[in-house]
file target.txt (compact mmCIF, C-alpha atoms)
# COMPACT_ATOMS: atom_id res chain seq x y z
CA MET E 8 192.46 164.97 -26.04
CA ALA E 9 192.91 165.73 -22.35
CA SER E 10 195.63 168.25 -21.55
CA LEU E 11 198.65 167.20 -19.51
CA LYS E 12 197.48 169.21 -16.56
CA GLU E 13 194.11 167.44 -16.54
CA LEU E 14 195.80 164.07 -16.75
CA ARG E 15 198.10 164.86 -13.85
CA ALA E 16 195.11 165.87 -11.76
CA ARG E 17 193.31 162.64 -12.59
CA ILE E 18 196.31 160.50 -11.76
CA ASN E 19 196.65 162.26 -8.44
CA SER E 20 193.00 161.82 -7.61
CA VAL E 21 193.12 158.09 -8.38
CA LYS E 22 196.23 157.83 -6.27
CA SER E 23 194.53 159.32 -3.25
CA THR E 24 191.50 157.08 -3.82
CA LYS E 25 193.87 154.14 -3.78
CA LYS E 26 195.32 155.30 -0.50
CA ILE E 27 191.86 155.50 1.03
CA THR E 28 190.72 152.10 -0.21
CA SER E 29 193.89 150.42 0.94
CA ALA E 30 193.54 152.04 4.38
CA MET E 31 189.93 150.88 4.54
CA LYS E 32 191.06 147.40 3.65
CA MET E 33 193.53 147.34 6.52
CA VAL E 34 190.95 148.62 8.97
CA ALA E 35 188.37 146.11 7.77
CA ALA E 36 190.89 143.30 8.08
CA ALA E 37 191.66 144.16 11.68
CA LYS E 38 188.00 144.54 12.56
CA MET E 39 187.12 141.35 10.77
CA HIS E 40 189.56 139.26 12.74
CA ARG E 41 188.05 140.48 15.97
CA ALA E 42 184.47 140.10 14.76
CA GLU E 43 185.13 136.67 13.34
CA ARG E 44 186.66 135.44 16.56
CA ARG E 45 183.68 136.72 18.53
CA SER E 46 181.29 135.09 16.13
CA ARG E 47 183.14 131.78 16.09
CA GLN E 48 183.33 131.62 19.84
CA ALA E 49 179.64 132.38 20.23
CA GLN E 50 178.62 129.69 17.78
CA PRO E 51 178.83 126.60 20.03
CA PHE E 52 176.35 128.06 22.51
CA ALA E 53 173.82 128.91 19.82
CA THR E 54 174.27 125.53 18.16
CA ALA E 55 173.99 123.56 21.38
CA MET E 56 170.93 125.56 22.39
CA GLN E 57 169.27 124.96 19.04
CA ARG E 58 170.13 121.26 19.18
CA ILE E 59 168.69 120.85 22.65
CA LEU E 60 165.50 122.66 21.76
CA VAL E 61 165.02 120.73 18.55
CA SER E 62 165.32 117.44 20.38
CA LEU E 63 163.09 118.84 23.11
CA LYS E 64 160.48 119.68 20.53
CA GLN E 65 160.67 116.18 19.10
CA SER E 66 160.17 114.55 22.44
CA LEU E 67 157.24 116.82 23.24
CA GLU E 68 155.62 116.62 19.81
CA ASP E 69 152.49 114.80 20.93
CA ARG E 70 151.71 117.13 23.79
CA SER E 71 149.20 119.88 23.23
CA GLY E 72 149.41 123.45 24.45
CA LEU E 73 153.06 123.93 23.63
CA PRO E 74 154.29 127.52 23.97
CA THR E 75 153.82 129.54 20.79
CA LEU E 76 157.52 130.34 20.72
CA LEU E 77 158.19 126.67 20.07
CA ALA E 78 155.23 125.47 18.05
CA GLY E 79 154.01 128.71 16.47
CA THR E 80 150.36 129.67 16.21
CA GLY E 81 149.51 126.64 14.12
CA LYS E 82 148.77 128.83 11.11
CA ASP E 83 150.92 129.88 8.21
CA ASN E 84 149.35 133.12 6.99
CA ILE E 85 151.45 135.99 8.23
CA HIS E 86 155.20 135.83 7.84
CA LEU E 87 157.58 138.05 9.75
CA ILE E 88 161.01 138.35 8.20
CA ILE E 89 163.83 139.86 10.23
CA SER E 90 166.11 141.14 7.52
CA MET E 91 169.61 141.84 8.74
CA SER E 92 172.24 143.94 7.01
CA SER E 93 175.06 146.24 7.98
CA ASP E 94 174.65 149.96 8.64
CA ARG E 95 177.24 151.10 6.14
CA GLY E 96 177.96 150.44 2.52
CA LEU E 97 181.19 150.05 0.59
CA ALA E 98 181.14 146.36 1.27
CA GLY E 99 180.68 144.95 -2.22
CA GLY E 100 177.53 142.93 -2.72
CA PHE E 101 177.08 142.22 0.97
CA ASN E 102 173.93 144.25 1.52
CA SER E 103 172.49 144.06 -1.98
CA ASN E 104 172.64 140.26 -1.75
CA ILE E 105 170.47 140.38 1.35
CA ASN E 106 168.08 142.84 -0.24
CA ARG E 107 167.77 140.85 -3.42
CA THR E 108 167.13 137.63 -1.52
CA LEU E 109 164.58 139.46 0.59
CA ARG E 110 162.75 140.78 -2.46
CA ASN E 111 162.58 137.33 -4.05
CA LYS E 112 161.31 135.80 -0.83
CA VAL E 113 158.67 138.49 -0.34
CA LYS E 114 157.47 138.19 -3.95
CA CYS E 115 157.36 134.41 -3.61
CA LEU E 116 155.36 134.54 -0.36
CA GLN E 117 152.99 137.16 -1.73
CA GLN E 118 152.32 135.03 -4.77
CA GLN E 119 151.29 132.23 -2.42
CA GLY E 120 148.80 134.64 -0.89
CA LYS E 121 150.66 135.10 2.39
CA GLN E 122 150.88 138.35 4.26
CA VAL E 123 154.43 139.54 4.86
CA LYS E 124 155.88 141.85 7.47
CA ILE E 125 159.50 142.92 7.51
CA PHE E 126 161.49 143.95 10.54
CA PRO E 127 164.70 145.45 9.16
CA VAL E 128 167.78 145.40 11.36
CA GLY E 129 170.61 147.37 9.82
CA LEU E 130 170.38 150.71 8.06
CA LYS E 131 171.09 149.40 4.57
CA THR E 132 168.23 146.95 4.47
CA TYR E 133 165.94 149.47 6.16
CA ILE E 134 166.60 152.06 3.46
CA TYR E 135 165.99 149.45 0.79
CA CYS E 136 162.72 148.30 2.38
CA ARG E 137 161.57 151.89 2.79
CA GLY E 138 161.85 152.30 -0.96
CA GLU E 139 160.61 148.89 -2.05
CA PHE E 140 158.11 147.76 0.60
CA PRO E 141 157.17 150.83 2.66
CA ASP E 142 153.90 149.24 3.83
CA LEU E 143 155.45 146.04 5.11
CA ILE E 144 157.95 147.51 7.58
CA VAL E 145 157.25 146.88 11.24
CA GLY E 146 159.37 147.84 14.19
CA PRO E 147 159.20 149.10 17.73
CA LYS E 148 158.36 152.72 18.38
CA HIS E 149 161.26 155.11 17.86
CA ALA E 150 163.33 152.33 16.32
CA ASP E 151 166.34 153.50 14.38
CA TYR E 152 166.68 150.11 12.61
CA ARG E 153 170.41 150.12 13.10
CA LEU E 154 172.58 147.12 13.68
CA GLY E 155 174.88 149.27 15.77
CA SER E 156 177.77 147.86 17.68
CA VAL E 157 176.78 144.25 18.19
CA GLU E 158 176.00 143.78 21.86
CA TYR E 159 173.92 141.16 23.60
CA GLN E 160 171.52 143.88 24.74
CA SER E 161 170.63 144.84 21.19
CA ALA E 162 169.78 141.20 20.46
CA GLU E 163 167.63 141.24 23.58
CA GLN E 164 165.76 144.29 22.33
CA VAL E 165 165.04 142.70 18.97
CA ALA E 166 163.91 139.50 20.69
CA ALA E 167 161.68 141.44 23.07
CA TYR E 168 159.95 143.13 20.16
CA VAL E 169 159.42 139.83 18.34
CA GLN E 170 158.01 138.42 21.57
CA THR E 171 155.45 141.23 21.91
CA LEU E 172 154.37 140.80 18.30
CA LEU E 173 153.92 137.10 18.94
CA ASP E 174 151.92 137.71 22.09
CA GLU E 175 149.61 139.97 20.09
CA HIS E 176 149.29 137.29 17.37
CA GLN E 177 150.69 139.66 14.77
CA PHE E 178 152.45 136.89 12.85
CA ASP E 179 152.49 133.11 12.45
CA VAL E 180 155.96 132.36 11.16
CA CYS E 181 159.16 134.23 11.91
CA THR E 182 162.33 133.82 9.86
CA ILE E 183 165.57 135.67 10.08
CA LEU E 184 167.50 136.49 6.92
CA TYR E 185 171.18 137.20 7.40
CA ASN E 186 174.53 136.71 5.75
CA LYS E 187 176.17 133.55 6.95
CA PHE E 188 179.88 134.09 7.32
CA LYS E 189 181.68 131.29 5.53
CA ASN E 190 185.01 132.95 4.92
CA VAL E 191 186.41 136.30 3.92
CA MET E 192 185.27 135.92 0.32
CA VAL E 193 181.95 134.19 0.78
CA GLN E 194 178.95 135.28 2.79
CA THR E 195 175.75 133.57 1.83
CA PRO E 196 172.29 134.96 2.51
CA THR E 197 170.67 132.40 4.76
CA TYR E 198 167.21 131.87 6.19
CA LEU E 199 166.79 130.58 9.68
CA GLN E 200 163.28 129.93 10.86
CA LEU E 201 162.95 130.97 14.48
CA ILE E 202 159.23 130.44 15.11
CA PRO E 203 158.04 127.73 14.94
CA LEU E 204 161.37 126.15 15.69
CA GLU E 205 162.71 124.37 12.64
CA LEU E 206 165.21 121.67 11.83
CA ALA E 207 168.25 123.15 10.08
CA VAL E 208 167.97 125.59 7.19
CA ALA E 209 164.53 125.96 5.64
CA ASP E 210 164.52 126.77 1.95
CA GLY E 211 165.86 129.15 -0.66
CA ALA E 212 169.23 130.80 -0.40
CA GLU E 213 171.70 128.01 0.07
CA GLN E 214 170.98 124.39 0.75
CA ASN E 215 174.39 122.84 0.49
CA ILE E 216 175.71 124.13 3.76
CA SER E 217 177.38 121.00 4.91
CA ASN E 218 179.24 122.00 8.02
CA LYS E 219 179.29 119.99 11.16
CA GLN E 220 176.58 121.93 12.94
CA ASP E 221 173.93 121.20 10.37
CA ILE E 222 174.79 117.54 10.34
CA ALA E 223 174.46 117.62 14.09
CA PHE E 224 170.87 118.77 13.60
CA GLN E 225 170.07 115.92 11.26
CA ILE E 226 171.37 113.15 13.41
CA THR E 227 169.62 114.27 16.55
CA SER E 228 167.51 111.24 17.08
CA GLN E 229 164.36 110.84 19.09
CA VAL E 230 165.28 111.10 22.72
CA ASP E 231 162.82 111.08 25.56
CA TYR E 232 164.02 113.62 28.04
CA MET E 233 163.28 113.88 31.69
CA PHE E 234 162.83 117.39 32.94
CA GLU E 235 163.73 119.01 36.16
CA PRO E 236 161.74 121.06 37.02
CA GLU E 237 158.61 120.48 34.91
CA ALA E 238 158.90 120.56 31.12
CA GLU E 239 156.72 123.65 30.89
CA GLU E 240 158.93 125.61 33.22
CA VAL E 241 162.09 124.53 31.45
CA LEU E 242 160.65 125.48 28.09
CA HIS E 243 159.41 128.81 29.38
CA ARG E 244 162.89 129.70 30.44
CA LEU E 245 164.81 128.28 27.52
CA LEU E 246 162.69 129.53 24.63
CA PRO E 247 163.09 133.29 25.12
CA GLU E 248 166.76 132.67 25.80
CA ASN E 249 167.08 130.74 22.58
CA LEU E 250 165.45 133.50 20.55
CA LYS E 251 167.93 136.02 21.90
CA ILE E 252 170.89 133.76 21.33
CA GLN E 253 169.97 132.94 17.74
CA ILE E 254 169.44 136.61 16.93
CA PHE E 255 172.71 137.47 18.65
CA ALA E 256 174.56 134.82 16.65
CA ALA E 257 173.09 136.18 13.42
CA MET E 258 174.16 139.69 14.39
CA LEU E 259 177.69 138.53 15.07
CA GLU E 260 177.88 136.77 11.74
CA THR E 261 176.55 139.84 9.96
CA ASN E 262 179.15 141.93 11.68
CA ALA E 263 181.99 139.62 10.73
CA GLY E 264 180.65 139.20 7.22
CA GLU E 265 180.37 142.94 6.69
CA GLN E 266 184.02 143.44 7.54
CA GLY E 267 185.03 140.48 5.40
CA ALA E 268 183.04 141.73 2.45
CA ARG E 269 184.43 145.22 2.88
CA MET E 270 187.94 143.84 3.00
CA THR E 271 187.45 141.93 -0.25
CA ALA E 272 185.75 144.86 -1.94
CA MET E 273 188.42 147.30 -0.87
CA ASP E 274 191.15 144.91 -1.92
CA SER E 275 189.83 144.74 -5.45
CA ALA E 276 189.19 148.49 -5.43
CA THR E 277 192.82 149.05 -4.51
CA ARG E 278 193.94 146.76 -7.29
CA ASN E 279 191.65 148.47 -9.80
CA ALA E 280 192.98 151.85 -8.75
CA GLY E 281 196.51 150.56 -9.35
CA LYS E 282 195.54 149.44 -12.84
CA ALA E 283 193.85 152.77 -13.54
CA ILE E 284 196.98 154.61 -12.45
CA ASP E 285 199.13 152.49 -14.77
CA LYS E 286 196.82 153.14 -17.67
CA LEU E 287 196.62 156.86 -17.03
CA SER E 288 200.39 157.16 -16.57
CA LEU E 289 200.98 155.42 -19.88
CA TYR E 290 198.52 157.76 -21.56
CA TYR E 291 200.11 160.75 -19.83
CA ASN E 292 203.60 159.80 -21.02
CA ARG E 293 202.41 159.20 -24.57
CA THR E 294 200.66 162.53 -24.64
CA ARG E 295 203.72 164.26 -23.28
CA GLN E 296 205.92 162.61 -25.90
CA ALA E 297 203.45 163.50 -28.66
CA ASN E 298 203.50 167.11 -27.53
CA ILE E 299 207.28 167.22 -27.61
CA THR E 300 207.35 165.65 -31.07
CA ASN E 301 204.77 168.16 -32.24
CA GLU E 302 206.76 171.09 -30.97
CA LEU E 303 209.95 169.76 -32.52
CA THR E 304 208.23 169.30 -35.89
CA GLU E 305 206.93 172.86 -35.67
CA VAL E 306 210.39 174.23 -34.85
CA ILE E 307 212.02 172.27 -37.66
CA SER E 308 209.42 173.15 -40.26
CA GLY E 309 209.60 176.78 -39.13
CA ALA E 310 213.37 176.75 -39.58
CA ASN E 311 213.03 175.13 -43.02
CA ALA E 312 210.54 177.75 -44.16
CA ALA E 313 212.75 180.58 -43.12
CA MET H 27 183.35 104.87 32.85
CA SER H 28 183.72 108.47 31.80
CA ILE H 29 181.60 111.10 30.13
CA GLU H 30 182.34 113.98 27.81
CA LEU H 31 181.63 117.22 29.58
CA GLU H 32 181.23 120.50 27.74
CA ILE H 33 180.71 123.79 29.50
CA ILE H 34 179.73 126.60 27.16
CA SER H 35 179.09 130.30 27.72
CA PRO H 36 177.58 132.65 25.12
CA GLU H 37 181.07 133.90 24.35
CA LYS H 38 183.03 130.66 24.07
CA VAL H 39 183.52 127.02 24.97
CA VAL H 40 184.91 127.29 28.48
CA LEU H 41 185.74 123.66 29.02
CA SER H 42 185.56 120.47 27.01
CA GLN H 43 186.97 117.51 28.84
CA VAL H 44 186.47 113.84 29.66
CA VAL H 45 185.65 113.28 33.33
CA ASP H 46 184.30 110.46 35.47
CA MET H 47 181.51 112.48 36.97
CA ALA H 48 180.27 116.04 37.22
CA VAL H 49 178.02 117.23 40.00
CA LEU H 50 175.67 119.94 38.80
CA PRO H 51 173.72 122.38 40.97
CA GLY H 52 170.18 121.65 39.77
CA LEU H 53 167.31 123.97 40.58
CA GLU H 54 165.80 121.32 42.83
CA GLY H 55 168.99 119.79 44.16
CA ASP H 56 172.41 118.61 43.05
CA ILE H 57 172.59 115.97 40.36
CA ALA H 58 175.60 113.96 39.26
CA ALA H 59 176.12 113.44 35.56
CA MET H 60 177.63 110.02 35.01
CA LYS H 61 177.88 107.52 32.21
CA GLY H 62 174.54 105.91 31.43
CA HIS H 63 172.50 108.68 33.00
CA ILE H 64 168.98 108.93 31.67
CA PRO H 65 168.57 111.79 29.12
CA MET H 66 167.60 114.83 31.06
CA ILE H 67 167.23 118.58 30.73
CA LEU H 68 168.04 120.35 33.92
CA LEU H 69 167.76 123.99 34.92
CA LEU H 70 170.63 125.14 37.12
CA ARG H 71 170.67 127.40 40.09
CA ALA H 72 173.65 129.60 40.82
CA GLY H 73 176.25 127.27 42.26
CA VAL H 74 179.33 125.19 41.71
CA ILE H 75 180.01 122.39 39.25
CA ASP H 76 182.42 119.82 40.68
CA LEU H 77 184.39 117.72 38.21
CA TYR H 78 185.47 114.29 39.49
CA GLN H 79 188.22 112.08 38.21
CA ASP H 80 189.27 108.94 40.13
CA ASN H 81 187.06 109.93 43.06
CA LYS H 82 188.83 113.24 43.41
CA VAL H 83 187.61 116.73 42.64
CA ILE H 84 189.84 117.99 39.85
CA ASP H 85 188.14 121.29 39.09
CA ARG H 86 185.37 123.51 40.36
CA LEU H 87 183.50 126.12 38.36
CA PHE H 88 180.91 128.66 39.37
CA VAL H 89 177.87 128.87 37.05
CA GLU H 90 174.88 131.14 37.01
CA ASP H 91 171.76 131.37 34.88
CA GLY H 92 172.24 128.12 33.04
CA PHE H 93 170.92 124.73 32.15
CA ALA H 94 172.30 121.35 31.27
CA GLU H 95 171.56 118.55 28.88
CA MET H 96 172.53 115.10 30.08
CA LYS H 97 172.83 112.11 27.84
CA GLU H 98 174.10 108.61 28.37
CA THR H 99 177.54 109.45 27.06
CA GLY H 100 177.94 113.11 27.79
CA CYS H 101 176.74 116.29 29.35
CA THR H 102 176.49 119.81 27.96
CA VAL H 103 176.21 122.76 30.31
CA LEU H 104 175.10 126.09 28.87
CA ALA H 105 175.33 129.06 31.18
CA LYS H 106 175.40 132.82 30.80
CA CYS H 107 178.02 133.22 33.48
CA ILE H 108 180.84 130.73 34.11
CA ARG H 109 183.84 131.54 36.28
CA LYS H 110 186.69 129.94 38.11
CA LEU H 111 186.44 130.07 41.87
CA ASN H 112 189.55 132.20 42.27
CA GLU H 113 188.06 134.84 39.98
CA LEU H 114 185.21 135.47 42.39
CA SER H 115 185.66 138.29 44.83
CA GLU H 116 183.72 138.79 48.01
CA GLN H 117 183.67 142.53 47.46
CA GLU H 118 182.03 142.19 44.06
CA GLY H 119 179.39 139.87 45.48
CA ILE H 120 178.56 142.27 48.30
CA GLU H 121 178.25 145.21 45.92
CA ARG H 122 176.01 143.22 43.64
CA LEU H 123 173.87 142.06 46.50
CA ALA H 124 173.31 145.62 47.69
CA LYS H 125 172.32 146.74 44.20
CA LEU H 126 169.96 143.80 43.69
CA GLN H 127 168.32 144.35 47.05
CA GLN H 128 167.60 147.94 46.09
CA GLU H 129 166.08 146.79 42.82
CA TYR H 130 164.06 144.18 44.67
CA ASN H 131 162.65 146.79 47.01
CA SER H 132 161.53 148.97 44.15
CA ALA H 133 160.07 145.94 42.36
CA SER H 134 158.10 144.91 45.44
CA ASN H 135 156.74 148.44 45.67
CA SER H 136 155.42 148.20 42.14
CA ASN H 137 154.08 144.62 42.64
CA ASP H 138 156.00 143.25 39.66
CA THR H 139 155.96 139.57 40.65
CA VAL H 140 157.83 138.24 37.61
CA LYS H 141 160.62 140.74 38.15
CA GLN H 142 160.64 139.90 41.86
CA ARG H 143 161.15 136.22 41.14
CA GLU H 144 163.98 136.95 38.73
CA LEU H 145 165.61 139.19 41.31
CA ILE H 146 165.30 136.57 44.04
CA ASP H 147 167.21 134.16 41.78
CA GLN H 148 169.89 136.76 41.19
CA ILE H 149 170.13 137.60 44.87
CA GLN H 150 170.68 133.92 45.63
CA GLY H 151 173.43 133.98 43.01
CA ALA H 152 175.11 136.93 44.68
CA ASN H 153 174.92 135.19 48.05
CA VAL H 154 176.54 132.10 46.58
CA ILE H 155 179.34 134.26 45.17
CA ILE H 156 179.99 135.78 48.59
CA ASP H 157 180.03 132.39 50.33
CA LEU H 158 182.27 130.81 47.72
CA ALA H 159 184.73 133.66 47.65
CA ALA H 160 184.95 133.64 51.43
CA SER H 161 185.49 129.88 51.70
CA HIS H 162 187.98 129.93 48.85
CA LYS H 163 190.00 132.58 50.67
CA HIS H 164 189.71 130.61 53.90
CA ASN H 165 190.98 127.42 52.21
CA GLN H 166 193.94 129.22 50.77
CA THR H 167 195.02 130.70 54.08
CA LEU H 168 194.93 127.25 55.74
call {"tool": "encode", "arguments": {"input": "target.txt", "output": "structure tokens"}}
result
Amino acid sequence: MASLKELRARINSVKSTKKITSAMKMVAAAKMHRAERRSRQAQPFATAMQRILVSLKQSLEDRSGLPTLLAGTGKDNIHLIISMSSDRGLAGGFNSNINRTLRNKVKCLQQQGKQVKIFPVGLKTYIYCRGEFPDLIVGPKHADYRLGSVEYQSAEQVAAYVQTLLDEHQFDVCTILYNKFKNVMVQTPTYLQLIPLELAVADGAEQNISNKQDIAFQITSQVDYMFEPEAEEVLHRLLPENLKIQIFAAMLETNAGEQGARMTAMDSATRNAGKAIDKLSLYYNRTRQANITNELTEVISGANAA
Amino acid sequence: MSIELEIISPEKVVLSQVVDMAVLPGLEGDIAAMKGHIPMILLLRAGVIDLYQDNKVIDRLFVEDGFAEMKETGCTVLAKCIRKLNELSEQEGIERLAKLQQEYNSASNSNDTVKQRELIDQIQGANVIIDLAASHKHNQTL
């Protein structure tokens, strides 16, 4: 049986843990509101861009010599997965969900005989990949694989690297795996195929995403567009832009999701700490009472004997 | 006979409104988006979008580095930089122009033609800012 002193120390330590988790929850909540607003406001641009390009692709389908950013290399052998997580932990299952989904996807692709390359963005997924798939990691020289503070420039850097890989024919298909921010409680690992450009969500993670944007993809009908200037020039300017924007949007969602997940995790941690304190206090009081009873019995029996 | 006009920047939806007509600064000349316009994808130069309602200009917005999608019933403008005319300052434009010209000189020394072309576009943008800010100020003093 633990001594009273030990119990007091444990209660105090749980109490200070509770203080920390509840502070982290507050901080995460404040950060999340900002991150979510940023992400929500950036969404229309990304969605509109994607919609325009998808309909562009449809109306250009029969032309040959489309840019590789739009149509891919025409093969399906080497897959590049941009796996996106946060840099820090203590966010519940946020990062492990991404890593698990990534592992399943990689195993699945490898079974089909495809070659897989992974470009981790975010320290948590990088550390996981380093342990699990050290040979598959690709990245620019001197990359630190951090998500960092989400700025448009960092999305541009990622996009630039993907572009160089594509120019060197280092991959055929590029997908991005990130946590889609649905609400504070729910972030679903989602695939978005970037190259070749795809309609809506591809496969795997979650198919029943039925928000307006995805419906907008489906109903985009065949439209024959006129271009000014020439279609090639328009595409050449829009495609790299689109890549950046989609990556940027994914980064923003990851950022918002991380804070949301941390908030939820810290909330339940705070509640668990509260329960633990209650339990320990009860135990402490019982032990104290038992000690007093013991001492009394000893005093009384001592008096009787005398 | 009106169209739904949406003007969107990477950060947010700047404007979503029903107008009679919007005149967009296309790369090869101004184009008016009206109801029944043939579907079209248009690259924009740095310039001003004029929104018309009942044959009057109701709003003017400066855009840079953007493109537009026109459909029969609506028009979506996506641009990296969208600002109200009164937010533009002549001083800022002049500073930017000086900086860009420096960059252009160093780019032309290194024969980087792609970079040069990009910079020429940006320099045009800066010039437009200066002109617009000046004329806006002039109109207000009248």
call {"tool": "closest_atom_pairs", "arguments": {"input": "target.txt", "of": "chain H", "to": "chain E", "cutoff": "12 Å", "atoms": "all atoms listed in the file", "output": "Markdown table"}}
result
| residue | atom | partner | partner_atom | distance |
| --- | --- | --- | --- | --- |
| H:Glu32 | CA | E:Ala55 | CA | 10.1 |
| H:Ile33 | CA | E:Phe52 | CA | 9.3 |
| H:Ile34 | CA | E:Phe52 | CA | 5.9 |
| H:Ser35 | CA | E:Phe52 | CA | 6.3 |
| H:Pro36 | CA | E:Ala49 | CA | 5.3 |
| H:Glu37 | CA | E:Ala49 | CA | 4.6 |
| H:Lys38 | CA | E:Gln48 | CA | 4.3 |
| H:Val39 | CA | E:Pro51 | CA | 6.8 |
| H:Val40 | CA | E:Gln48 | CA | 9.8 |
| H:Leu41 | CA | E:Pro51 | CA | 11.7 |
| H:Ser42 | CA | E:Pro51 | CA | 11.5 |
| H:Pro51 | CA | E:Glu235 | CA | 11.6 |
| H:Gly52 | CA | E:Glu235 | CA | 7.8 |
| H:Leu53 | CA | E:Pro236 | CA | 7.2 |
| H:Glu54 | CA | E:Pro236 | CA | 7.1 |
| H:Gly55 | CA | E:Glu235 | CA | 9.6 |
| H:Asp56 | CA | E:Glu235 | CA | 11.1 |
| H:Ile57 | CA | E:Glu235 | CA | 10.3 |
| H:His63 | CA | E:Met233 | CA | 10.7 |
| H:Ile64 | CA | E:Met233 | CA | 7.5 |
| H:Pro65 | CA | E:Tyr232 | CA | 5.0 |
| H:Met66 | CA | E:Met233 | CA | 4.5 |
| H:Ile67 | CA | E:Phe234 | CA | 5.1 |
| H:Leu68 | CA | E:Glu235 | CA | 5.0 |
| H:Leu69 | CA | E:Glu235 | CA | 6.5 |
| H:Leu70 | CA | E:Glu235 | CA | 9.3 |
| H:Arg71 | CA | E:Pro236 | CA | 11.4 |
| H:Asp91 | CA | E:Arg244 | CA | 10.1 |
| H:Gly92 | CA | E:Leu245 | CA | 9.3 |
| H:Phe93 | CA | E:Leu245 | CA | 8.4 |
| H:Ala94 | CA | E:Ile59 | CA | 9.4 |
| H:Glu95 | CA | E:Ile59 | CA | 7.2 |
| H:Met96 | CA | E:Tyr232 | CA | 8.9 |
| H:Lys97 | CA | E:Tyr232 | CA | 8.9 |
| H:Glu98 | CA | E:Val230 | CA | 10.8 |
| H:Cys101 | CA | E:Ala55 | CA | 11.1 |
| H:Thr102 | CA | E:Ala55 | CA | 8.0 |
| H:Val103 | CA | E:Ala55 | CA | 9.2 |
| H:Leu104 | CA | E:Phe52 | CA | 6.8 |
| H:Ala105 | CA | E:Phe52 | CA | 8.8 |
| H:Lys106 | CA | E:Phe52 | CA | 9.6 |
| H:Glu144 | CA | E:Arg244 | CA | 11.1 |
call {"tool": "write_last_selection", "arguments": {"input": "target.txt", "atoms": "C-alpha atoms", "output": "mmCIF file, in the frame of the given file"}}
result
data_model
loop_
_atom_site.group_PDB
_atom_site.id
_atom_site.type_symbol
_atom_site.label_atom_id
_atom_site.label_comp_id
_atom_site.auth_asym_id
_atom_site.auth_seq_id
_atom_site.Cartn_x
_atom_site.Cartn_y
_atom_site.Cartn_z
ATOM 1 C CA GLU H 32 181.230 120.500 27.740
ATOM 2 C CA ILE H 33 180.710 123.790 29.500
ATOM 3 C CA ILE H 34 179.730 126.600 27.160
ATOM 4 C CA SER H 35 179.090 130.300 27.720
ATOM 5 C CA PRO H 36 177.580 132.650 25.120
ATOM 6 C CA GLU H 37 181.070 133.900 24.350
ATOM 7 C CA LYS H 38 183.030 130.660 24.070
ATOM 8 C CA VAL H 39 183.520 127.020 24.970
ATOM 9 C CA VAL H 40 184.910 127.290 28.480
ATOM 10 C CA LEU H 41 185.740 123.660 29.020
ATOM 11 C CA SER H 42 185.560 120.470 27.010
ATOM 12 C CA PRO H 51 173.720 122.380 40.970
ATOM 13 C CA GLY H 52 170.180 121.650 39.770
ATOM 14 C CA LEU H 53 167.310 123.970 40.580
ATOM 15 C CA GLU H 54 165.800 121.320 42.830
ATOM 16 C CA GLY H 55 168.990 119.790 44.160
ATOM 17 C CA ASP H 56 172.410 118.610 43.050
ATOM 18 C CA ILE H 57 172.590 115.970 40.360
ATOM 19 C CA HIS H 63 172.500 108.680 33.000
ATOM 20 C CA ILE H 64 168.980 108.930 31.670
ATOM 21 C CA PRO H 65 168.570 111.790 29.120
ATOM 22 C CA MET H 66 167.600 114.830 31.060
ATOM 23 C CA ILE H 67 167.230 118.580 30.730
ATOM 24 C CA LEU H 68 168.040 120.350 33.920
ATOM 25 C CA LEU H 69 167.760 123.990 34.920
ATOM 26 C CA LEU H 70 170.630 125.140 37.120
ATOM 27 C CA ARG H 71 170.670 127.400 40.090
ATOM 28 C CA ASP H 91 171.760 131.370 34.880
ATOM 29 C CA GLY H 92 172.240 128.120 33.040
ATOM 30 C CA PHE H 93 170.920 124.730 32.150
ATOM 31 C CA ALA H 94 172.300 121.350 31.270
ATOM 32 C CA GLU H 95 171.560 118.550 28.880
ATOM 33 C CA MET H 96 172.530 115.100 30.080
ATOM 34 C CA LYS H 97 172.830 112.110 27.840
ATOM 35 C CA GLU H 98 174.100 108.610 28.370
ATOM 36 C CA CYS H 101 176.740 116.290 29.350
ATOM 37 C CA THR H 102 176.490 119.810 27.960
ATOM 38 C CA VAL H 103 176.210 122.760 30.310
ATOM 39 C CA LEU H 104 175.100 126.090 28.870
ATOM 40 C CA ALA H 105 175.330 129.060 31.180
ATOM 41 C CA LYS H 106 175.400 132.820 30.800
ATOM 42 C CA GLU H 144 163.980 136.950 38.730
#
call {"tool": "closest_residue", "arguments": {"input": "target.txt", "among": "E:Gln170, E:Asn104, E:Asn19, E:Thr182", "to": "Pro196 in chain E", "atoms": "all atoms listed in the file"}}
result
E:Asn104
call {"tool": "atom_distance", "arguments": {"input": "target.txt", "atom1": "CA of Gly120 in chain E", "atom2": "CA of Ile85 in chain E"}}
result
9.6 Å
call {"tool": "atom_distance", "arguments": {"input": "target.txt", "atom1": "CA of Lys286 in chain E", "atom2": "CA of Ile299 in chain E"}}
result
20.2 Å
call {"tool": "atom_distance", "arguments": {"input": "target.txt", "atom1": "CA of Gly100 in chain H", "atom2": "CA of Gln57 in chain E"}}
result
17.1 Å
call {"tool": "residues_near_point", "arguments": {"input": "target.txt", "point": "(177.3, 134.0, -0.1)", "cutoff": "10 Å", "atoms": "all atoms listed in the file", "output": "list in words"}}
result
Gly100, Phe101, Asn104, Ile105, Asn186, Lys187, Phe188, Lys189, Asn190, Met192, Val193, Gln194, Thr195, Pro196, Thr197, Ala212, Glu213, Gly264 and Ala268 of chain E
call {"tool": "residues_around", "arguments": {"input": "target.txt", "residues": "Leu123 in chain H", "least_positions_apart": "2", "cutoff": "12 Å", "atoms": "all atoms listed in the file", "output": "list in words"}}
result
Glu116, Gln117, Glu118, Gly119, Ile120, Glu121, Lys125, Leu126, Gln127, Gln128, Glu129, Tyr130, Leu145, Ile146, Asp147, Gln148, Ile149, Gln150, Gly151, Ala152, Asn153, Val154, Ile155 and Ile156 of chain H
